[in-house]
Structure formats: C-alpha cells, structure tokens
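Peer 1: Have a look at the structure that comes next, please.
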Amino acid sequence: MPTFIYPPSIPWNWMFQRPQQLLSQFSLSGHTVLYEDLGNFPQPKIKTLFPNLHLCQGIPAMNIPHPRPRLLWLTVPSHINSIADYNPDLIIYDAVDEPKDEFASWAPYYPSIIQKANLIFCSSQSIYDYFSPRHPRVYLVPNGVDYVHFSPKPSLRPKDLPEGKPIIGYSGAIAPWIDWELLKAVIKQNPGINFVFIGAFFQLHKFPLRNYKNVYYLGLKSYYDLPAYLHHFDVGLIPFLQTDMTKGCNPIKLFEYYASGIPVLATPLPELLSIPKINLESDTYRFSLRIQHLLETKDSDKAERMAYAQANDWAERSGRILQQILIKDSRNQESV
C-alpha cells in the first residue's frame with residue numbers, strides 16, 4: 001500500500017487540524033504515514049502513534065524504509081519547491097486556505113502547484129473554483145470531525161472553566177481574522193455572560209480581550225481534553241471577519257461544535273450559508289440579541305446538528321480522497 005509523507009509544516013500536537021486528521025485516517029486505512037514533525041528535537045527519534053503512523057522528530061522521512069508508491073502530501077505551498085528531496089510517485093496538494101491577507105505569501109507558489117501537483121483537494125468552494133479551471137484533477141473535500149471523539153459527554157467539568165454564568169465559547173486559533181471589534185461590543189452588552197476562549201495564538205502576540213472581566217482566555221488545550229470544554233459551552237462562536245481570505249474558510253470548529261451538541265452563532269461566511277440550524281449575524285446589536293435568544297429558548301435542534309456532524313466525519317472525507325488517489329495511481333500503473 002502507498003506511503004504518505006508530510007513535510008514539516010505543523011507540530012503534531014499544536015492544534016489538531018485537517019492535516020493530522022486526514023493523515024490519521026489514512027493510517028487507519030492501512031497506509032503508512034511518515035509525518036515530519038515540526039520542532040526542535042535534541043534527541044531525534046521516530047515516534048509511532050499507530051501501527052502505520054510515525055512521527056519523524058528530527059529524522060528525515062526519507063531515512064526510514066517504507067513501501068512505495070510514495071505520496072507527497074502538501075498543505076504549505078512553498079513545499080512544492082522541495083519535491084526533489086522526496087522523489088515522490090504522486091504529488092498531492094491539499095488547499096486549505098485562500099492565498100489572501102494573512103496567507104498572501106502563498107500566492108507566488110500557485111503556478112508551480114498547478115504545474116506539478118497530480119491531485120488537488122480543496123476544503124472550500126471558493127478554493128475549488130480557483131483551481132478547477134486550471135487543473136484537470138481537482139476535488140472539493142470540506143473539513144469534518146471525529147464524531148466519536150467529540151459527541152460523548154465527558155463526566156468531569158474542567159476546573160478552569162468559569163462558573164455562575166452562561167458560557168459563550170470559542171475554540172480555535174486566536175488570530176487576526178476574528179472580528180475583535182464585534183466581540184468587544186457584544187461583551188460589553190452582556191456583562192451577565194462569561195465569554196471563554198481556547199486556542200493558540202496565530203500572528204497575534206497578546207490576547208485582544210484581556211481587559212474584560214467577563215472574558216476568560218484558557219490557553220491551548222490538548223485535543224484529548226477539548227470535548228470536555230465544548231460540552232460546557234452554551235453557545236459556540238465563529239466570529240470571523242468577512243474578508244477575501246475567510247471567504248474560503250470552512251471552519252473545522254463548526255463540525256466540532258455540532259458534534260458536541262451545542263448551538264452555533266457565526267458571522268455569515270460563504271461556507272456557512274448552507275449549514276442547517278446555524279445562526280448567522282453580522283450586525284453587533286443583532287449578534288447580541290441572538291445570543292440572548294439562544295440562551296433563553298429551548299434547544300430543539302440538537303439532534304439534527306449532531307446528525308449533520310456525524311454525516312461529515314473525517315472517515316468519510318478520507319474515503320473520498322483515497323478513492324481519487326486509487327484511481328490516479330491505477331492510471332499511472334496502466335501508463336507504465
């Protein structure tokens with residue numbers, strides 16, 4: 001069976017996102033995965049997480065014997081210039097963000113990706129719309145969720161969660177694309193609500209809401225612990241600015257919130273417009289009113305939200321991808 005190699009892009013334990021999820025699913029399907037972990041490793045080693053998934057910590061993946069064909073899985077555009085280091089049989093680019101705003105530095109690499117990649121997978125419609133006229137093998141595969149991980153209600157309540165008030169929560173990157181001005185106004189309007197933020201800093205050096213008494217930044221939580229926090233949110237937030245970059249954002253947190261059973265309030269990003277039972281507002285006053293409505297109204301949509309999450313599990317996503325890889329690989333063998 002094929003071997004997937006993922007060049008050093010994201011630390012395995014930073015935030016468990018699309019690359020880690022999909023590559024984990026590939027390994028569970030019997031494929032060898034060599035994940036070149038990002039970081040400083042004074043004692044280089046190979047750390048085996050599953051029978052077929054190996055973290056290469058300070059050791060190049062090419063130093064490890066593995067079966068072919070060798071598939072190079074890329075999510076960082078600049079790595080298209082490193083393909084000679086891997087001598088791959090198949091080059092796959094997984095496009096996860098628009099090359100705009102915070103990711104504008106990606107754009108110069110796109111001509112090379114279009115020329116050299118054998119397959120391109122896209123996490124959103126706008127990204128797909130860019131690549132599909134320019135490449136013959138482009139497929140739309142949105143983000144998903146590990147439903148079994150997020151759906152069971154944990155028995156213990158995390159000790160650092162604030163008590164005594166409803167919790168409006170956010171889980172994900174603490175980043176410039178969050179609408180901080182919207183949040184500041186909403187937080188001021190709702191002193192009787194606790195706003196909780198969980199996640200790692202991305203292109204920010206300090207927490208923008210640190211001076212508000214009803215705001216709690218709890219830092220980055222492990223993927224193992226994250227469901228315990230989400231299950232204690234009364235509402236999950238996706239308060240993103242509407243920009244050229246976020247028009248291509250298919251938020252993983254949407255699926256994780258839904259799998260946890262909580263209602264979601266978001267700004268009207270294009271990728272969220274067709275999501276069932278989601279609440280979308282862009283105006284500050286209406287955003288605040290919607291929070292109050294969600295807290296005061298009986299939730300009759302929980303089962304439908306969880307069913308939607310279950311139908312969008314990462315296992316389904318990886319199956320779609322592996323099917324296209326199998327088709328492409330078989331065509332390559334026929335042409336030899």
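If you're wondering about the labels, chains in the structure tokens are A, B, ... by order shown, residues count from 1 in each chain, ligands from 1 in order shown.
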May I have the residues within 7 Å of Ala266 (chain A) as a list in words, using only C-alpha atoms and disregarding those fewer than 4 positions away in the same chain?

Peer 2: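 The residues satisfying every condition are Leu237, Ile238, Pro239, Asn279, Leu280 and Glu281 of chain A.
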
Peer 1: Just list as a PyMOL selection string whatever in region 118-246 of chain A DSSP marks as alpha helix (DSSP H).

Peer 2: chain A and resi 125-131+147-150+180-189+226-230

Peer 1: Tell me, as number ranges by chain, which residues lie within 8 Å of region 158-173 of chain A, counting only C-alpha atoms; anything in the same chain fewer than 2 positions away does not count.

Peer 2: A: 15, 156, 175, 192-202, 216, 218, 228-230, 232-238, 253, 295

Peer 1: Quick one: residues within 12 Å of Ile114 (chain A), only C-alpha atoms, excluding same-chain residues fewer than 3 positions away - as a PDB file with N, CA and C atoms, in the first residue's frame?

Peer 2:
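Just written: out_15.pdb:
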ATOM      1  N   PRO A  77       2.212  25.755   0.527  1.00  0.00           N
ATOM      2  CA  PRO A  77       2.549  25.898  -0.894  1.00  0.00           C
ATOM      3  C   PRO A  77       4.044  25.909  -1.201  1.00  0.00           C
ATOM      4  N   ILE A  80       6.221  22.936  -2.506  1.00  0.00           N
ATOM      5  CA  ILE A  80       6.252  22.457  -3.881  1.00  0.00           C
ATOM      6  C   ILE A  80       7.660  22.565  -4.452  1.00  0.00           C
ATOM      7  N   ILE A  91       2.224  13.595  -6.302  1.00  0.00           N
ATOM      8  CA  ILE A  91       2.266  14.845  -5.535  1.00  0.00           C
ATOM      9  C   ILE A  91       0.828  15.320  -5.339  1.00  0.00           C
ATOM     10  N   ILE A  92       0.450  15.493  -4.084  1.00  0.00           N
ATOM     11  CA  ILE A  92      -0.923  15.876  -3.757  1.00  0.00           C
ATOM     12  C   ILE A  92      -0.884  17.175  -2.970  1.00  0.00           C
ATOM     13  N   TYR A  93      -1.626  18.157  -3.444  1.00  0.00           N
ATOM     14  CA  TYR A  93      -1.733  19.423  -2.716  1.00  0.00           C
ATOM     15  C   TYR A  93      -3.129  19.528  -2.111  1.00  0.00           C
ATOM     16  N   ASP A  94      -3.175  19.718  -0.804  1.00  0.00           N
ATOM     17  CA  ASP A  94      -4.436  19.893  -0.092  1.00  0.00           C
ATOM     18  C   ASP A  94      -4.570  21.383   0.224  1.00  0.00           C
ATOM     19  N   ALA A  95      -5.456  22.058  -0.495  1.00  0.00           N
ATOM     20  CA  ALA A  95      -5.603  23.508  -0.389  1.00  0.00           C
ATOM     21  C   ALA A  95      -6.598  23.841   0.711  1.00  0.00           C
ATOM     22  N   ALA A 107       0.584  32.949  -2.585  1.00  0.00           N
ATOM     23  CA  ALA A 107       0.170  33.119  -3.977  1.00  0.00           C
ATOM     24  C   ALA A 107       1.278  32.858  -5.004  1.00  0.00           C
ATOM     25  N   PRO A 108       2.522  33.299  -4.784  1.00  0.00           N
ATOM     26  CA  PRO A 108       3.548  33.081  -5.808  1.00  0.00           C
ATOM     27  C   PRO A 108       3.830  31.609  -6.114  1.00  0.00           C
ATOM     28  N   TYR A 109       3.466  30.715  -5.209  1.00  0.00           N
ATOM     29  CA  TYR A 109       3.755  29.290  -5.410  1.00  0.00           C
ATOM     30  C   TYR A 109       2.660  28.573  -6.197  1.00  0.00           C
ATOM     31  N   TYR A 110       1.529  29.231  -6.389  1.00  0.00           N
ATOM     32  CA  TYR A 110       0.399  28.546  -7.004  1.00  0.00           C
ATOM     33  C   TYR A 110       0.658  28.104  -8.447  1.00  0.00           C
ATOM     34  N   PRO A 111       1.356  28.888  -9.290  1.00  0.00           N
ATOM     35  CA  PRO A 111       1.650  28.380 -10.641  1.00  0.00           C
ATOM     36  C   PRO A 111       2.427  27.067 -10.629  1.00  0.00           C
ATOM     37  N   ALA A 117       1.538  19.421  -9.244  1.00  0.00           N
ATOM     38  CA  ALA A 117       0.700  18.527  -8.440  1.00  0.00           C
ATOM     39  C   ALA A 117      -0.087  17.580  -9.341  1.00  0.00           C
ATOM     40  N   ASN A 118      -0.197  16.319  -8.935  1.00  0.00           N
ATOM     41  CA  ASN A 118      -1.005  15.350  -9.668  1.00  0.00           C
ATOM     42  C   ASN A 118      -2.475  15.413  -9.282  1.00  0.00           C
ATOM     43  N   LEU A 119      -2.720  15.741  -8.007  1.00  0.00           N
ATOM     44  CA  LEU A 119      -4.085  15.862  -7.490  1.00  0.00           C
ATOM     45  C   LEU A 119      -4.160  17.091  -6.600  1.00  0.00           C
ATOM     46  N   ILE A 120      -5.297  17.764  -6.628  1.00  0.00           N
ATOM     47  CA  ILE A 120      -5.521  18.897  -5.734  1.00  0.00           C
ATOM     48  C   ILE A 120      -6.865  18.704  -5.043  1.00  0.00           C
ATOM     49  N   PHE A 121      -6.844  18.757  -3.722  1.00  0.00           N
ATOM     50  CA  PHE A 121      -8.071  18.700  -2.932  1.00  0.00           C
ATOM     51  C   PHE A 121      -8.294  20.076  -2.296  1.00  0.00           C
ATOM     52  N   TYR A 130     -11.211  28.335  -7.819  1.00  0.00           N
ATOM     53  CA  TYR A 130      -9.953  28.850  -8.365  1.00  0.00           C
ATOM     54  C   TYR A 130      -9.189  27.756  -9.109  1.00  0.00           C
ATOM     55  N   PHE A 131      -9.049  26.586  -8.485  1.00  0.00           N
ATOM     56  CA  PHE A 131      -8.189  25.553  -9.059  1.00  0.00           C
ATOM     57  C   PHE A 131      -8.847  24.761 -10.190  1.00  0.00           C
ATOM     58  N   SER A 132     -10.149  24.565 -10.127  1.00  0.00           N
ATOM     59  CA  SER A 132     -10.791  23.643 -11.073  1.00  0.00           C
ATOM     60  C   SER A 132     -10.639  24.037 -12.542  1.00  0.00           C
ATOM     61  N   PRO A 133     -10.654  25.351 -12.914  1.00  0.00           N
ATOM     62  CA  PRO A 133     -10.422  25.662 -14.330  1.00  0.00           C
ATOM     63  C   PRO A 133      -8.964  25.550 -14.750  1.00  0.00           C
ATOM     64  N   ARG A 134      -8.072  25.380 -13.768  1.00  0.00           N
ATOM     65  CA  ARG A 134      -6.640  25.449 -14.045  1.00  0.00           C
ATOM     66  C   ARG A 134      -5.939  24.093 -13.943  1.00  0.00           C
ATOM     67  N   HIS A 135      -6.649  23.069 -13.463  1.00  0.00           N
ATOM     68  CA  HIS A 135      -6.017  21.767 -13.249  1.00  0.00           C
ATOM     69  C   HIS A 135      -7.043  20.670 -13.528  1.00  0.00           C
ATOM     70  N   PRO A 136      -6.633  19.557 -14.124  1.00  0.00           N
ATOM     71  CA  PRO A 136      -7.609  18.529 -14.519  1.00  0.00           C
ATOM     72  C   PRO A 136      -8.116  17.643 -13.378  1.00  0.00           C
ATOM     73  N   ARG A 137      -7.401  17.606 -12.241  1.00  0.00           N
ATOM     74  CA  ARG A 137      -7.790  16.684 -11.158  1.00  0.00           C
ATOM     75  C   ARG A 137      -7.936  17.467  -9.855  1.00  0.00           C
ATOM     76  N   VAL A 138      -9.056  18.164  -9.727  1.00  0.00           N
ATOM     77  CA  VAL A 138      -9.345  18.989  -8.546  1.00  0.00           C
ATOM     78  C   VAL A 138     -10.644  18.491  -7.921  1.00  0.00           C
TER      79      VAL A 138
END

Peer 1: With distances taken over only C-alpha atoms, which residue among A:Leu226, A:Ala315, A:Ile327, A:Leu289 lies nearest Phe26 (chain A)?

Peer 2: A:Ala315

Peer 1: Could you list, as a PyMOL selection string, every residue within 10 Å of Val33 (chain A), counting only C-alpha atoms and ignoring same-chain residues fewer than 4 positions away?

Peer 2: chain A and resi 2-6+23-28+48+50-56+61+66+70-71+73

Peer 1: Taking the chain letters and numbering used in this document, name the residues of region 121-246 of chain A that DSSP puts in strand (DSSP E or B), as an MDAnalysis selection string.

Peer 2: chainID A and resid 121:122 138:140 145 167:171 174 178 194:198 201 215:217 235:238 240

Peer 1: Compare A:Lys302, A:Arg210, A:His293, A:Lys247 by their minimum atom-to-atom distance to Pro276 (chain A), counting only C-alpha atoms, and give me the closest one.

Peer 2: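 Result for the nearest residue to Pro276 (chain A): A:Lys302.
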
Peer 1: Leaving out Gly144 (chain A) and any residue of its chain fewer than 3 positions from it, which residues lie within 10 Å of it when counting only C-alpha atoms, given as a PyMOL selection string?

Peer 2: chain A and resi 17-18+21-22+123+141+147+250-256+309-318

Peer 1: Quick one: everything within 12 Å of Ser9 (chain A), counting only C-alpha atoms, minus sequence neighbours fewer than 2 positions away in the same chain. Send it as a list of chain:residue names.

Peer 2: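 Listed by chain and then number, they are A:Ile5, A:Tyr6, A:Pro7, A:Pro11, A:Trp12, A:Asn13, A:Trp14, A:Gln17, A:Pro19, A:Gln20, A:Tyr35, A:Glu36, A:Asp37, A:Leu38, A:Gly39, A:Trp73, A:Leu74, A:Thr75, A:Val76, A:Pro77, A:Ser78, A:His79.
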
Peer 1: Return the single residue from A:Lys100, A:Trp106, A:Gly219, A:Asn63 that is closest to Asp85 (chain A), with distances computed using only C-alpha atoms.

Peer 2: A:Asn63

Peer 1: So the first atom is CA of Glu102 (chain A) and the second is CA of Gln203 (chain A); what is the distance between them in Å, to one decimal place?

Peer 2: 8.4 Å

Peer 1: I need the residue nearest Asp225 (chain A) from this list: A:Phe150, A:Tyr285, A:Phe240, A:Phe207. Use only C-alpha atoms for the distance.

Peer 2: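 Of A:Phe150, A:Tyr285, A:Phe240, A:Phe207, the one nearest Asp225 (chain A), counting only C-alpha atoms, is A:Phe150.
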
Peer 1: Distance CA of Asp301 (chain A)-CA of Lys277 (chain A), one decimal place?

Peer 2: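 Those two atoms sit 6.8 Å apart.
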
Peer 1: Check the smallest atom-to-atom distance from each of A:Leu265, A:Leu140, A:Ile83, A:Ile10 to Phe287 (chain A) using only C-alpha atoms, then report the winner.

Peer 2: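 Ranking A:Leu265, A:Leu140, A:Ile83, A:Ile10 by distance to Phe287 (chain A), first place goes to A:Leu265.
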
Peer 1: What is the CA of Glu304 (chain A)-CA of Leu182 (chain A) distance in Å, reported with one decimal?

Peer 2: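 Computing the Euclidean distance for CA of Glu304 (chain A) and CA of Leu182 (chain A) yields 28.6 Å.
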
Peer 1: Find, counting only C-alpha atoms, the residue in A:Leu209, A:Pro8, A:Leu220, A:Pro263 that gets nearest to Thr297 (chain A).

Peer 2: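 The answer is A:Pro263, which sits nearest to Thr297 (chain A).
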